[in-house]
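A short write-up of the structure that comes next.
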Amino acid sequence: MLEKIQETAAFIRERMHCKPETAIILGTGLGSLVNEIEIVDAIPYGEIINFPVSTVEGHKGRLIFGSLGGKDVMAMQGRFHYYEGYDMKEVTFPIRVMRELGIKTLFVSNASGGMNPDFRIGDLMIIRDHINLFPEHPLHGKNLPYGSRFPDMHEAYDHTLIAEAKKIAAEKGIRVVEGVYVGVQGPTFETPSEYRCYHILGGDAVGMSTVPEVIVARHCGIRVFGLSVITDLGIEGRPVEVSHEEVQQAADAAQPLMTTIMRELVSRTA
Ligand code: HPA
């Protein structure tokens, strides 16, 4: 495993012409941030040795290197979801490659279903913490020497970055909420009882990504900031149907605000 990660990092290092310390996973709601990156190199996942290949429609699957807000960045256009059939080692493989390439801070975005009754469709939720309900743990098995066998998770999402993001949102007049993201495998959206259950557990929003990548990033010492767009609501007593199209539409509508916050935060991050 370690050899594969290092082999991939060496392959990418040969092709990149900048030295980013910041990586961004362009999840749902953040696709257009790519238009603001001055791209220097773009490598399709299919060309990267040992890399899984993205299958979900709408994800182009490229690793991008360039400049955003005056900062060198590496961006994943397209991520690997557990529900697509990848195992956790594959889902989180790019994170360890990032670590080998010198990444210090990771920005992630996703779409999620809101369970907090104060939330509205289109809200941006700063992820304060998560609850991992995936059936397979990304650190299951032999511990790789990137970090501790028993990694601490008390500050999975960096408090300084959260404070800065709130400041940016206030300056720009963008409504943000803050909450706990529950990570589940999908691909079904939740039943009303499941939404209720996850809310009782302490969750404010639920989605099918992010948690595995964040756990692995923390294991290897990368600090994390996460932003989730609330694309639908699973609130007790207000059952509504959810479709992928509606999720996509709500995410597209929130995209400019999410892009503004992320771009600003990246440019202000040391
Ligand atoms: N549940 C799980 N994942 C999601 C949801 C949801 O309601 N909305 C967007 N991604």
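Convention: chains lettered A, B, ... in structure tokens order; per-chain residue numbering from 1; ligands numbered from 1 as shown.
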Query raised in the report: Leaving out Gly179 (chain A) and any residue of its chain fewer than 2 positions from it, which residues lie within 12 Å of it when counting only C-alpha atoms, given as a ChimeraX atom specification?
Result: /A:112-119,123-131,157,162,176-177,181-182,199,202-206,226-230
Query raised in the report: Can you tell me which residues sit at most 10 Å away from ligand 1, counting only C-alpha atoms and all ligand atoms, written as a PyMOL selection string?
Result: chain A and resi 28+110-115+182-191+194-195+205-209+228-234+241-244+246-248+250-251
Report task. Identify all residues of region 87-261 of chain A in helix (DSSP H, G or I) (DSSP on the backbone) and supply them as a VMD selection string. Result -> chain A and resid 88 to 101 159 to 172 192 to 201 211 to 219 244 to 261
Query raised in the report: Near Gly61 (chain A), counting only C-alpha atoms, which residues have an atom at most 8 Å away, once you skip same-chain residues fewer than 2 positions from it, shown as a PyMOL selection string?
Result: chain A and resi 44-46+53-54+59+63+76-79
Requested in this report: Fewer than 4 positions away in the same chain doesn't count, so skip those; otherwise give me all residues within 12 Å of region 69-73 of chain A, counting only C-alpha atoms, as a ChimeraX atom specification.
Outcome: /A:16-26,33-34,36-42,63-65,98,101-107,259-270
Requested in this report: Please provide the set of residues having any atom within 9 Å of region 11-15 of chain A, restricted to only C-alpha atoms, with same-chain residues fewer than 2 positions apart removed, written as a VMD selection string.
Outcome: chain A and resid 6 to 9 17 41 43 48 to 49 101
Those residues you just picked out, can you put them in a file as a CSV table (one decimal), in the first residue's frame with all heavy atoms?
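This went into selection_27.csv:
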```csv
chain,number,residue,atom,x,y,z
A,6,GLN,N,3.5,5.9,-2.7
A,6,GLN,CA,4.7,6.6,-3.0
A,6,GLN,C,5.0,6.6,-4.5
A,6,GLN,O,5.5,7.6,-5.1
A,6,GLN,CB,5.9,6.0,-2.2
A,6,GLN,CG,5.7,6.5,-0.7
A,6,GLN,CD,6.7,5.7,0.2
A,6,GLN,OE1,7.3,4.7,-0.2
A,6,GLN,NE2,6.8,6.2,1.4
A,7,GLU,N,4.6,5.5,-5.1
A,7,GLU,CA,4.8,5.4,-6.6
A,7,GLU,C,3.9,6.5,-7.3
A,7,GLU,O,4.3,7.1,-8.2
A,7,GLU,CB,4.4,4.0,-7.0
A,7,GLU,CG,4.7,3.7,-8.5
A,7,GLU,CD,4.3,2.3,-8.9
A,7,GLU,OE1,3.3,1.7,-8.3
A,7,GLU,OE2,4.8,1.7,-9.8
A,8,THR,N,2.7,6.6,-6.8
A,8,THR,CA,1.7,7.5,-7.4
A,8,THR,C,2.2,9.0,-7.2
A,8,THR,O,2.2,9.8,-8.1
A,8,THR,CB,0.3,7.3,-6.9
A,8,THR,OG1,-0.1,6.0,-7.1
A,8,THR,CG2,-0.7,8.3,-7.5
A,9,ALA,N,2.7,9.2,-6.0
A,9,ALA,CA,3.2,10.6,-5.7
A,9,ALA,C,4.4,10.9,-6.6
A,9,ALA,O,4.5,12.0,-7.1
A,9,ALA,CB,3.6,10.7,-4.2
A,17,HIS,N,4.0,21.4,-11.8
A,17,HIS,CA,5.0,22.5,-11.9
A,17,HIS,C,4.7,23.6,-10.9
A,17,HIS,O,5.0,24.7,-11.1
A,17,HIS,CB,4.9,23.1,-13.3
A,17,HIS,CG,5.3,22.1,-14.4
A,17,HIS,ND1,4.4,21.3,-15.0
A,17,HIS,CD2,6.5,21.8,-14.9
A,17,HIS,CE1,5.0,20.5,-15.8
A,17,HIS,NE2,6.3,20.8,-15.8
A,41,ASP,N,-1.4,22.5,-14.6
A,41,ASP,CA,-1.4,21.1,-15.0
A,41,ASP,C,-2.7,20.5,-14.7
A,41,ASP,O,-3.3,20.8,-13.6
A,41,ASP,CB,-0.3,20.3,-14.3
A,41,ASP,CG,1.0,20.9,-14.3
A,41,ASP,OD1,1.6,20.9,-15.4
A,41,ASP,OD2,1.5,21.4,-13.3
A,43,ILE,N,-4.3,16.5,-14.8
A,43,ILE,CA,-4.0,15.1,-15.2
A,43,ILE,C,-5.3,14.3,-15.0
A,43,ILE,O,-5.8,14.2,-13.8
A,43,ILE,CB,-2.9,14.5,-14.3
A,43,ILE,CG1,-1.7,15.5,-14.1
A,43,ILE,CG2,-2.4,13.2,-14.8
A,43,ILE,CD1,-0.7,15.1,-13.1
A,48,ILE,N,-3.3,8.4,-14.2
A,48,ILE,CA,-2.4,8.4,-13.0
A,48,ILE,C,-2.3,7.0,-12.5
A,48,ILE,O,-3.2,6.3,-12.2
A,48,ILE,CB,-3.0,9.3,-11.9
A,48,ILE,CG1,-3.2,10.7,-12.4
A,48,ILE,CG2,-2.1,9.3,-10.6
A,48,ILE,CD1,-3.9,11.6,-11.4
A,49,ILE,N,-1.0,6.6,-12.4
A,49,ILE,CA,-0.7,5.2,-11.9
A,49,ILE,C,-1.4,4.9,-10.6
A,49,ILE,O,-1.3,5.7,-9.7
A,49,ILE,CB,0.8,5.0,-12.0
A,49,ILE,CG1,1.1,3.5,-11.7
A,49,ILE,CG2,1.6,5.9,-11.0
A,49,ILE,CD1,2.5,3.2,-12.2
A,101,LEU,N,2.8,14.5,-1.3
A,101,LEU,CA,3.1,15.7,-2.2
A,101,LEU,C,3.3,17.0,-1.3
A,101,LEU,O,3.6,18.0,-1.9
A,101,LEU,CB,2.0,15.9,-3.2
A,101,LEU,CG,1.9,14.8,-4.3
A,101,LEU,CD1,0.7,15.0,-5.1
A,101,LEU,CD2,3.2,14.6,-5.1
```
Report task. Would you mind telling me which residue in A:Gly221, A:Pro52, A:Pro212, A:Pro256 lies nearest to Pro138 (chain A) when using only C-alpha atoms? Result -> A:Pro212
Requested in this report: Select from region 1-101 of chain A everything DSSP, run on the backbone, classes as strand (DSSP E), then give the selection as a list in words.
Outcome: Thr22, Ala23, Ile24, Ile25, Leu26, Glu38, Ile39, Val40, Asp41, Ala42, Ile43, Pro44, Arg62, Leu63, Ile64, Phe65, Gly66, Ser67, Leu68, Lys71, Asp72, Val73, Met74, Ala75, Met76 and Gln77 of chain A
Query - Nearby residues (only C-alpha atoms) at most 10 Å from Asp87 (chain A), same-chain spacing under 6 positions excluded, as a list in words - result: Phe80, His81, Phe93, Glu136, His137 and Pro138 of chain A
Query raised in the report: Taking only C-alpha atoms into account, which of A:Met74, A:Leu139, A:Val91, A:Val240 comes nearest Arg62 (chain A)?
Result: A:Met74
Query raised in the report: Of the residues A:Cys220, A:Met88, A:Met1, A:Ile200, which is the one nearest to Asn50 (chain A), using only C-alpha atoms?
Result: A:Met1
Report summary line: A straight line from CA of Ile5 (chain A) to CA of Tyr146 (chain A) spans 11.5 Å
